[in-house]
Amino acid sequence: MSIFQLTDATVFPDPELAEDNGLLAVGGDLSVERLVTAYSKGIFPWYSEGEPPLWWFTDPRMVLFPEEFKVSRRLARTLRNTPFKTTFNQDFNQVIRSCAEIRTETGEGTWISEEMNKAYNEMHLAGFAHSVECWLEGKLAGGLYGVMLGQVFFGESMFTRISNGSKAALVALVAHLKQQDIAVIDCQMTTAHLMAFGAREIDGAAFRQLLQQHITLPIPIP
């Protein structure tokens, strides 16, 4: 199957046409309009620096329903006994930079290039991208960021500098999203770490149906 080449128009091919590994299209830019269009269809960018943008739709899809979120007794006890402070959208730029730096420092490599950093900061300024910060003694202990459209939160990346920092951020995020009546959290990739919190796989068709139910189109772009 050939990979679709995007043009200047902010349109995407049908996600059902993605390859088995999830790759759907290549090219285009990371404008707010294109990113919002992509996420509304369950498509996300993921590529290395020096490559053109690569666009993915993974099937099956790992999702977390807030009402199914699980916190182990051990973690709950640890969080009760650690004076973490969590905030929302207080330092988006530092959170996304830390997500990239941690992966680089541990030798994993990162897809969060300067181009991606700039694009998601613009998404944040437009009101679509959000961060959760976890602080301990005034220092950023961990955090995460993602995109929210309608009643769907698309998780992008998380980091921790102090043990359990990212977990505290995740617990705070889910509690906040429950208050906002968010229907589903998109986790994109399947990991044992997220499964331990109650995330599970659903097929691509079911995921697309969730997006249609909980994202009202068209989405106004500021």
# chains A, B, ... in the order shown; residues from 1 in each chain; ligands from 1
>>> select_by_dssp(residues="stretch 108-172 of chain A", states="helix (DSSP H, G or I)", output="JSON, numbers by chain")
{"A": [114, 115, 116, 117, 118, 119, 120, 121, 122, 123, 124, 125, 165, 166, 167, 168, 169, 170, 171, 172]}
>>> write_last_selection(atoms="N, CA and C atoms", output="JSON list (two decimals), in the first residue's frame")
[["chain", "number", "residue", "atom", "x", "y", "z"],
["A", 114, "GLU", "N", 12.41, 20.64, 17.97],
["A", 114, "GLU", "CA", 12.07, 22.05, 18.13],
["A", 114, "GLU", "C", 10.81, 22.40, 17.32],
["A", 115, "GLU", "N", 10.67, 21.75, 16.16],
["A", 115, "GLU", "CA", 9.48, 21.98, 15.33],
["A", 115, "GLU", "C", 8.22, 21.53, 16.06],
["A", 116, "MET", "N", 8.29, 20.34, 16.68],
["A", 116, "MET", "CA", 7.14, 19.84, 17.44],
["A", 116, "MET", "C", 6.88, 20.73, 18.65],
["A", 117, "ASN", "N", 7.95, 21.13, 19.33],
["A", 117, "ASN", "CA", 7.81, 21.98, 20.50],
["A", 117, "ASN", "C", 7.07, 23.27, 20.13],
["A", 118, "LYS", "N", 7.49, 23.90, 19.07],
["A", 118, "LYS", "CA", 6.87, 25.15, 18.63],
["A", 118, "LYS", "C", 5.39, 24.92, 18.28],
["A", 119, "ALA", "N", 5.11, 23.83, 17.56],
["A", 119, "ALA", "CA", 3.74, 23.56, 17.13],
["A", 119, "ALA", "C", 2.81, 23.35, 18.31],
["A", 120, "TYR", "N", 3.24, 22.60, 19.32],
["A", 120, "TYR", "CA", 2.35, 22.31, 20.45],
["A", 120, "TYR", "C", 2.25, 23.51, 21.40],
["A", 121, "ASN", "N", 3.28, 24.35, 21.44],
["A", 121, "ASN", "CA", 3.13, 25.59, 22.18],
["A", 121, "ASN", "C", 2.09, 26.48, 21.52],
["A", 122, "GLU", "N", 2.04, 26.47, 20.19],
["A", 122, "GLU", "CA", 1.01, 27.23, 19.48],
["A", 122, "GLU", "C", -0.37, 26.61, 19.74],
["A", 123, "MET", "N", -0.42, 25.29, 19.80],
["A", 123, "MET", "CA", -1.68, 24.63, 20.15],
["A", 123, "MET", "C", -2.13, 25.02, 21.56],
["A", 124, "HIS", "N", -1.16, 25.15, 22.46],
["A", 124, "HIS", "CA", -1.47, 25.56, 23.83],
["A", 124, "HIS", "C", -2.03, 26.98, 23.86],
["A", 125, "LEU", "N", -1.38, 27.88, 23.12],
["A", 125, "LEU", "CA", -1.86, 29.27, 23.08],
["A", 125, "LEU", "C", -3.24, 29.37, 22.45],
["A", 165, "GLY", "N", 6.63, 11.32, 40.10],
["A", 165, "GLY", "CA", 6.18, 12.63, 39.66],
["A", 165, "GLY", "C", 5.18, 12.56, 38.53],
["A", 166, "SER", "N", 5.45, 11.71, 37.52],
["A", 166, "SER", "CA", 4.53, 11.60, 36.40],
["A", 166, "SER", "C", 3.24, 10.90, 36.82],
["A", 167, "LYS", "N", 3.35, 9.96, 37.75],
["A", 167, "LYS", "CA", 2.15, 9.26, 38.22],
["A", 167, "LYS", "C", 1.23, 10.21, 38.98],
["A", 168, "ALA", "N", 1.83, 11.08, 39.78],
["A", 168, "ALA", "CA", 1.02, 12.07, 40.49],
["A", 168, "ALA", "C", 0.32, 13.00, 39.50],
["A", 169, "ALA", "N", 1.02, 13.35, 38.42],
["A", 169, "ALA", "CA", 0.41, 14.21, 37.39],
["A", 169, "ALA", "C", -0.75, 13.49, 36.71],
["A", 170, "LEU", "N", -0.57, 12.20, 36.43],
["A", 170, "LEU", "CA", -1.63, 11.43, 35.78],
["A", 170, "LEU", "C", -2.85, 11.31, 36.68],
["A", 171, "VAL", "N", -2.63, 11.03, 37.95],
["A", 171, "VAL", "CA", -3.75, 10.92, 38.89],
["A", 171, "VAL", "C", -4.52, 12.25, 38.96],
["A", 172, "ALA", "N", -3.79, 13.36, 39.00],
["A", 172, "ALA", "CA", -4.44, 14.67, 39.04],
["A", 172, "ALA", "C", -5.19, 14.94, 37.74]]
>>> closest_atom_pairs(of="stretch 171-198 of chain A", to="stretch 152-156 of chain A", cutoff="7 Å", atoms="only C-alpha atoms", output="tab-separated table")
residue	atom	partner	partner_atom	distance
A:Ile182	CA	A:Val152	CA	5.8
A:Ala183	CA	A:Val152	CA	6.0
A:Val184	CA	A:Val152	CA	5.3
A:Ile185	CA	A:Phe153	CA	4.8
A:Asp186	CA	A:Phe154	CA	4.6
A:Cys187	CA	A:Gly155	CA	5.5
>>> closest_residue(among="A:Pro83, A:Gly22, A:Gly42, A:Pro222", to="A:Trp56", atoms="only C-alpha atoms")
A:Gly22
>>> residues_around(residues="A:Thr191", least_positions_apart="3", cutoff="12 Å", atoms="only C-alpha atoms", output="list in words")
Arg61, Met62, Val63, Leu64, Cys187, Gln188, Leu194, Met195, Ala196, Phe197, Gly198, Ala199, Arg200 and Glu201 of chain A
>>> closest_residue(among="A:Gly150, A:Asp59, A:Thr86, A:Arg161", to="A:Ser131", atoms="only C-alpha atoms")
A:Thr86
>>> residues_around(residues="A:Val26", least_positions_apart="3", cutoff="10 Å", atoms="only C-alpha atoms", output="list of chain:residue names")
A:Ile3, A:Phe4, A:Gln5, A:Leu6, A:Thr7, A:Leu23, A:Asp29, A:Pro45, A:Tyr47, A:Glu51, A:Pro52, A:Pro53, A:Leu54, A:Trp55, A:Trp56
>>> write_last_selection(atoms="C-alpha atoms", output="PDB file, in the first residue's frame")
ATOM      1  CA  ILE A   3       1.695   6.161   1.749  1.00  0.00           C
ATOM      2  CA  PHE A   4      -0.438   9.243   1.108  1.00  0.00           C
ATOM      3  CA  GLN A   5       1.429  12.476   0.394  1.00  0.00           C
ATOM      4  CA  LEU A   6      -0.270  15.467   2.010  1.00  0.00           C
ATOM      5  CA  THR A   7      -0.711  18.756   0.167  1.00  0.00           C
ATOM      6  CA  LEU A  23       1.447   4.873   9.166  1.00  0.00           C
ATOM      7  CA  ASP A  29       2.962  21.082   8.199  1.00  0.00           C
ATOM      8  CA  PRO A  45       2.198  13.125  14.099  1.00  0.00           C
ATOM      9  CA  TYR A  47       8.603  11.377  13.438  1.00  0.00           C
ATOM     10  CA  GLU A  51      12.264  13.656   8.538  1.00  0.00           C
ATOM     11  CA  PRO A  52       9.098  15.091   6.982  1.00  0.00           C
ATOM     12  CA  PRO A  53       6.036  14.869   9.242  1.00  0.00           C
ATOM     13  CA  LEU A  54       4.691  11.314   9.479  1.00  0.00           C
ATOM     14  CA  TRP A  55       1.028  10.846  10.399  1.00  0.00           C
ATOM     15  CA  TRP A  56      -0.305   7.753  12.186  1.00  0.00           C
TER      16      TRP A  56
END
>>> closest_residue(among="A:Asp203, A:Glu49, A:Glu133, A:Asp20", to="A:Phe159", atoms="only C-alpha atoms")
A:Glu133
